[in-house]
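Presented below is the structure to which this report refers.
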Amino acid sequence: MSSISQNRTVTVIGASGVMGSRLCRRLLGAGYTVHTFDSVHRNSTTSSEPLLICHKTLNDAVAPSDVVILAVPYAAELLLAEQLTTQIGHRIVVSITNPLTPTLDDVVTPPGESAAEHLCMLMPEARLVKAFNTLSAAAFDVSPDEGHQFDTFIASDDAEAAHVVEQIITDMGFRPWYVGCLKHSRTLERMSALLIGISQRYELDGALGWHVVQAKL
């Protein structure tokens with residue numbers, strides 16, 4: 001087992017956001033130590049949760065962890081890439097963003113590129129992983145103990161990094177599927193636009209996500 005996978009420490013950037021706050025809660029519930037930074041609440045460094053450590057600077061938040069989750073919108077992710085290029089090193093960087101159009105039914109990236117692939121070009125030393133992006137925010141509020149376990153998909157050119165993220169996802173109570181190389185993130189990002197389109201068309205609410213079913217014949 002990788003030494004990284006044994007280190008139950010994760011950094012979440014954008015921790016006060018809709019997705020970031022839920023990621024932190026599930027990680028803490030799984031027993032992870034979570035380091036956070038949020039540009040909106042950068043002066044807030046106190047927490048009643050002993051495993052939650054809030055930092056005033058981006059570099060301080062990134063330094064303790066081998067896995068960094070960017071829980072921010074697409075435009076903010078691009079800005080973070082510029083700020084973290086030298087600091088990130090060979091850490092695992094997880095992109096959860098979906099580069100959606102204003103109507104939320106398509107992506108703004110060209111057909112031959114995903115947000116994750118573009119991020120990988122901006123952070124060439126990082127071990128890029130696409131994950132969590134096919135989950136709705138409400139899915140994080142549903143416990144697998146309630147009988148619902150959502151699937152989430154992982155794409156990465158780095159198989160070891162993908163397996164580390166697989167373990168984190170499993171610990172959080174979701175079911176991971178490693179779909180292969182990073183180019184498959186193009187499909188994963190469009191899957192989210194598809195799910196949003198379905199929910200709008202049929203006026204669905206609540207926790208939405210994907211679930212792979214195998215019927216034994």
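In the structure tokens, each chain is lettered A, B, ... as it comes, each chain's residues begin at 1, and ligands are numbered from 1 in order of appearance.
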- Could you pull out the residues in segment 14-204 of chain A that DSSP calls strand (DSSP E) from the backbone, as a PyMOL selection string? chain A and resi 33-37+52-54+67-70+92-95+127-130+151-155+175-180
Take the selection from the previous step and output its residues with C-alpha atoms, as a PDB file, in the first residue's frame.
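Contents of selection-v3.pdb, freshly written:
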ATOM      1  CA  THR A  33      -7.424  15.262   9.330  1.00  0.00           C
ATOM      2  CA  VAL A  34      -8.540  18.094   7.062  1.00  0.00           C
ATOM      3  CA  HIS A  35      -6.500  21.224   6.369  1.00  0.00           C
ATOM      4  CA  THR A  36      -8.460  24.030   4.744  1.00  0.00           C
ATOM      5  CA  PHE A  37      -8.109  27.379   3.074  1.00  0.00           C
ATOM      6  CA  LEU A  52     -10.205  20.402  11.136  1.00  0.00           C
ATOM      7  CA  ILE A  53      -7.294  22.824  10.763  1.00  0.00           C
ATOM      8  CA  CYS A  54      -8.037  26.164   9.080  1.00  0.00           C
ATOM      9  CA  VAL A  67      -3.688  15.118  -1.422  1.00  0.00           C
ATOM     10  CA  VAL A  68      -5.201  18.517  -2.278  1.00  0.00           C
ATOM     11  CA  ILE A  69      -8.850  18.816  -3.329  1.00  0.00           C
ATOM     12  CA  LEU A  70      -9.786  21.943  -5.276  1.00  0.00           C
ATOM     13  CA  ILE A  92      -2.123  14.550  -5.827  1.00  0.00           C
ATOM     14  CA  VAL A  93      -4.488  17.299  -6.973  1.00  0.00           C
ATOM     15  CA  VAL A  94      -8.178  16.439  -7.250  1.00  0.00           C
ATOM     16  CA  SER A  95     -10.313  18.550  -9.571  1.00  0.00           C
ATOM     17  CA  ARG A 127      -0.610  14.143 -10.118  1.00  0.00           C
ATOM     18  CA  LEU A 128      -3.993  15.163 -11.497  1.00  0.00           C
ATOM     19  CA  VAL A 129      -7.147  13.244 -10.650  1.00  0.00           C
ATOM     20  CA  LYS A 130     -10.729  13.988 -11.672  1.00  0.00           C
ATOM     21  CA  ASP A 151     -21.155   6.192  -7.334  1.00  0.00           C
ATOM     22  CA  THR A 152     -18.468   8.615  -8.356  1.00  0.00           C
ATOM     23  CA  PHE A 153     -15.966   8.222 -11.148  1.00  0.00           C
ATOM     24  CA  ILE A 154     -12.210   8.775 -11.233  1.00  0.00           C
ATOM     25  CA  ALA A 155     -10.044   9.653 -14.208  1.00  0.00           C
ATOM     26  CA  ARG A 175     -18.513   3.840  -4.398  1.00  0.00           C
ATOM     27  CA  PRO A 176     -15.608   4.730  -6.710  1.00  0.00           C
ATOM     28  CA  TRP A 177     -15.061   3.621 -10.304  1.00  0.00           C
ATOM     29  CA  TYR A 178     -11.664   4.248 -11.900  1.00  0.00           C
ATOM     30  CA  VAL A 179     -12.525   4.782 -15.568  1.00  0.00           C
ATOM     31  CA  GLY A 180      -8.946   5.174 -16.807  1.00  0.00           C
TER      32      GLY A 180
END
- Message: as a ChimeraX atom specification, please: every residue in segment 37-83 of chain A that a backbone DSSP assignment puts in alpha helix (DSSP H).
- Response: /A:58-62,74-83
- Quick one: residues within 8 Å of Leu188 of chain A, only C-alpha atoms counted, chain neighbours fewer than 2 positions away excluded, as an NGL selection string? :A and (133-134 or 153 or 184-186 or 190-192)
- Among listed residues A:Pro50, A:Met19, A:Tyr32, A:Cys24, nearest Leu135 of chain A (using only C-alpha atoms):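 The answer is A:Met19, which sits nearest to Leu135 of chain A.
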- Nearest residue to Asp106 of chain A from the set A:Gly197, A:Pro64, A:Pro144, A:Gly31 (distances using only C-alpha atoms): A:Gly197
- Message: Let me make sure I understand: among A:Leu80, A:Ile169, A:Ala207, A:Leu100, which one has the smallest atom-to-atom distance to Ala193 of chain A if we use only C-alpha atoms?
- Response: A:Leu100
- Item | Nearest to Asp171 of chain A, chosen from A:Leu28, A:Ile96, A:Ala15, A:Leu58, with only C-alpha atoms counted in the distances | A:Leu28
- What does the distance between atom CA of Leu208 of chain A and atom CA of Ile196 of chain A come to in Å, to one decimal place?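 Atom CA of Ile196 of chain A lies 8.9 Å from atom CA of Leu208 of chain A.
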Can you list, as a compact mmCIF listing (two decimals) with C-alpha atoms, in the first residue's frame, every protein, DNA or RNA residue that comes within 12 Å of Asp205 of chain A when you count only C-alpha atoms, leaving out same-chain residues fewer than 5 positions away?
# COMPACT_ATOMS: atom_id res chain seq x y z
CA SER A 136 -24.68 16.61 -6.57
CA ALA A 137 -24.08 18.59 -3.41
CA ALA A 138 -27.13 16.99 -1.79
CA ALA A 139 -25.63 13.53 -2.34
CA LEU A 195 -27.58 15.06 -15.00
CA ILE A 196 -28.44 18.70 -14.41
CA ILE A 198 -32.36 15.69 -16.64
CA SER A 199 -33.12 17.19 -13.24
CA GLN A 200 -34.33 20.44 -14.82
- Task: Just the residues within 9 Å of Leu119 of chain A, please, counting only C-alpha atoms, with nothing from its chain fewer than 2 positions along; format it as a PyMOL selection string.
- Result: chain A and resi 77-78+81+95+114-117+121-124+128
Selected residues, N, CA and C atoms, written as a CSV table (one decimal), in the first residue's frame, please.
chain,number,residue,atom,x,y,z
A,77,GLU,N,-10.5,27.7,-10.2
A,77,GLU,CA,-9.5,26.7,-10.3
A,77,GLU,C,-8.3,27.1,-11.2
A,78,LEU,N,-8.6,27.8,-12.2
A,78,LEU,CA,-7.5,28.3,-13.1
A,78,LEU,C,-6.6,29.3,-12.4
A,81,ALA,N,-4.3,27.4,-10.0
A,81,ALA,CA,-3.2,26.8,-10.7
A,81,ALA,C,-2.0,27.7,-10.8
A,95,SER,N,-9.4,17.5,-9.0
A,95,SER,CA,-10.3,18.6,-9.6
A,95,SER,C,-11.7,18.0,-9.5
A,114,SER,N,-10.8,18.8,-21.4
A,114,SER,CA,-11.6,18.9,-20.2
A,114,SER,C,-11.0,20.0,-19.3
A,115,ALA,N,-11.7,20.4,-18.3
A,115,ALA,CA,-11.1,21.3,-17.3
A,115,ALA,C,-9.9,20.7,-16.6
A,116,ALA,N,-10.1,19.4,-16.3
A,116,ALA,CA,-9.0,18.6,-15.6
A,116,ALA,C,-7.7,18.6,-16.5
A,117,GLU,N,-7.9,18.3,-17.8
A,117,GLU,CA,-6.7,18.3,-18.7
A,117,GLU,C,-6.1,19.6,-18.8
A,121,MET,N,-2.1,20.7,-17.6
A,121,MET,CA,-1.1,21.5,-18.4
A,121,MET,C,-0.6,22.7,-17.6
A,122,LEU,N,-1.4,23.2,-16.8
A,122,LEU,CA,-1.0,24.4,-15.9
A,122,LEU,C,-0.2,23.9,-14.7
A,123,MET,N,-0.3,22.7,-14.3
A,123,MET,CA,0.4,22.1,-13.1
A,123,MET,C,1.0,20.8,-13.5
A,124,PRO,N,2.1,20.9,-14.4
A,124,PRO,CA,2.6,19.7,-15.0
A,124,PRO,C,3.3,18.7,-14.0
A,128,LEU,N,-2.6,14.7,-11.3
A,128,LEU,CA,-4.0,15.2,-11.5
A,128,LEU,C,-5.0,14.0,-11.5
- Ala30 of chain A: which residues within 8 Å, counting only C-alpha atoms, same-chain residues fewer than 3 positions away excluded, as an MDAnalysis selection string? chainID A and resid 26:27 171:172
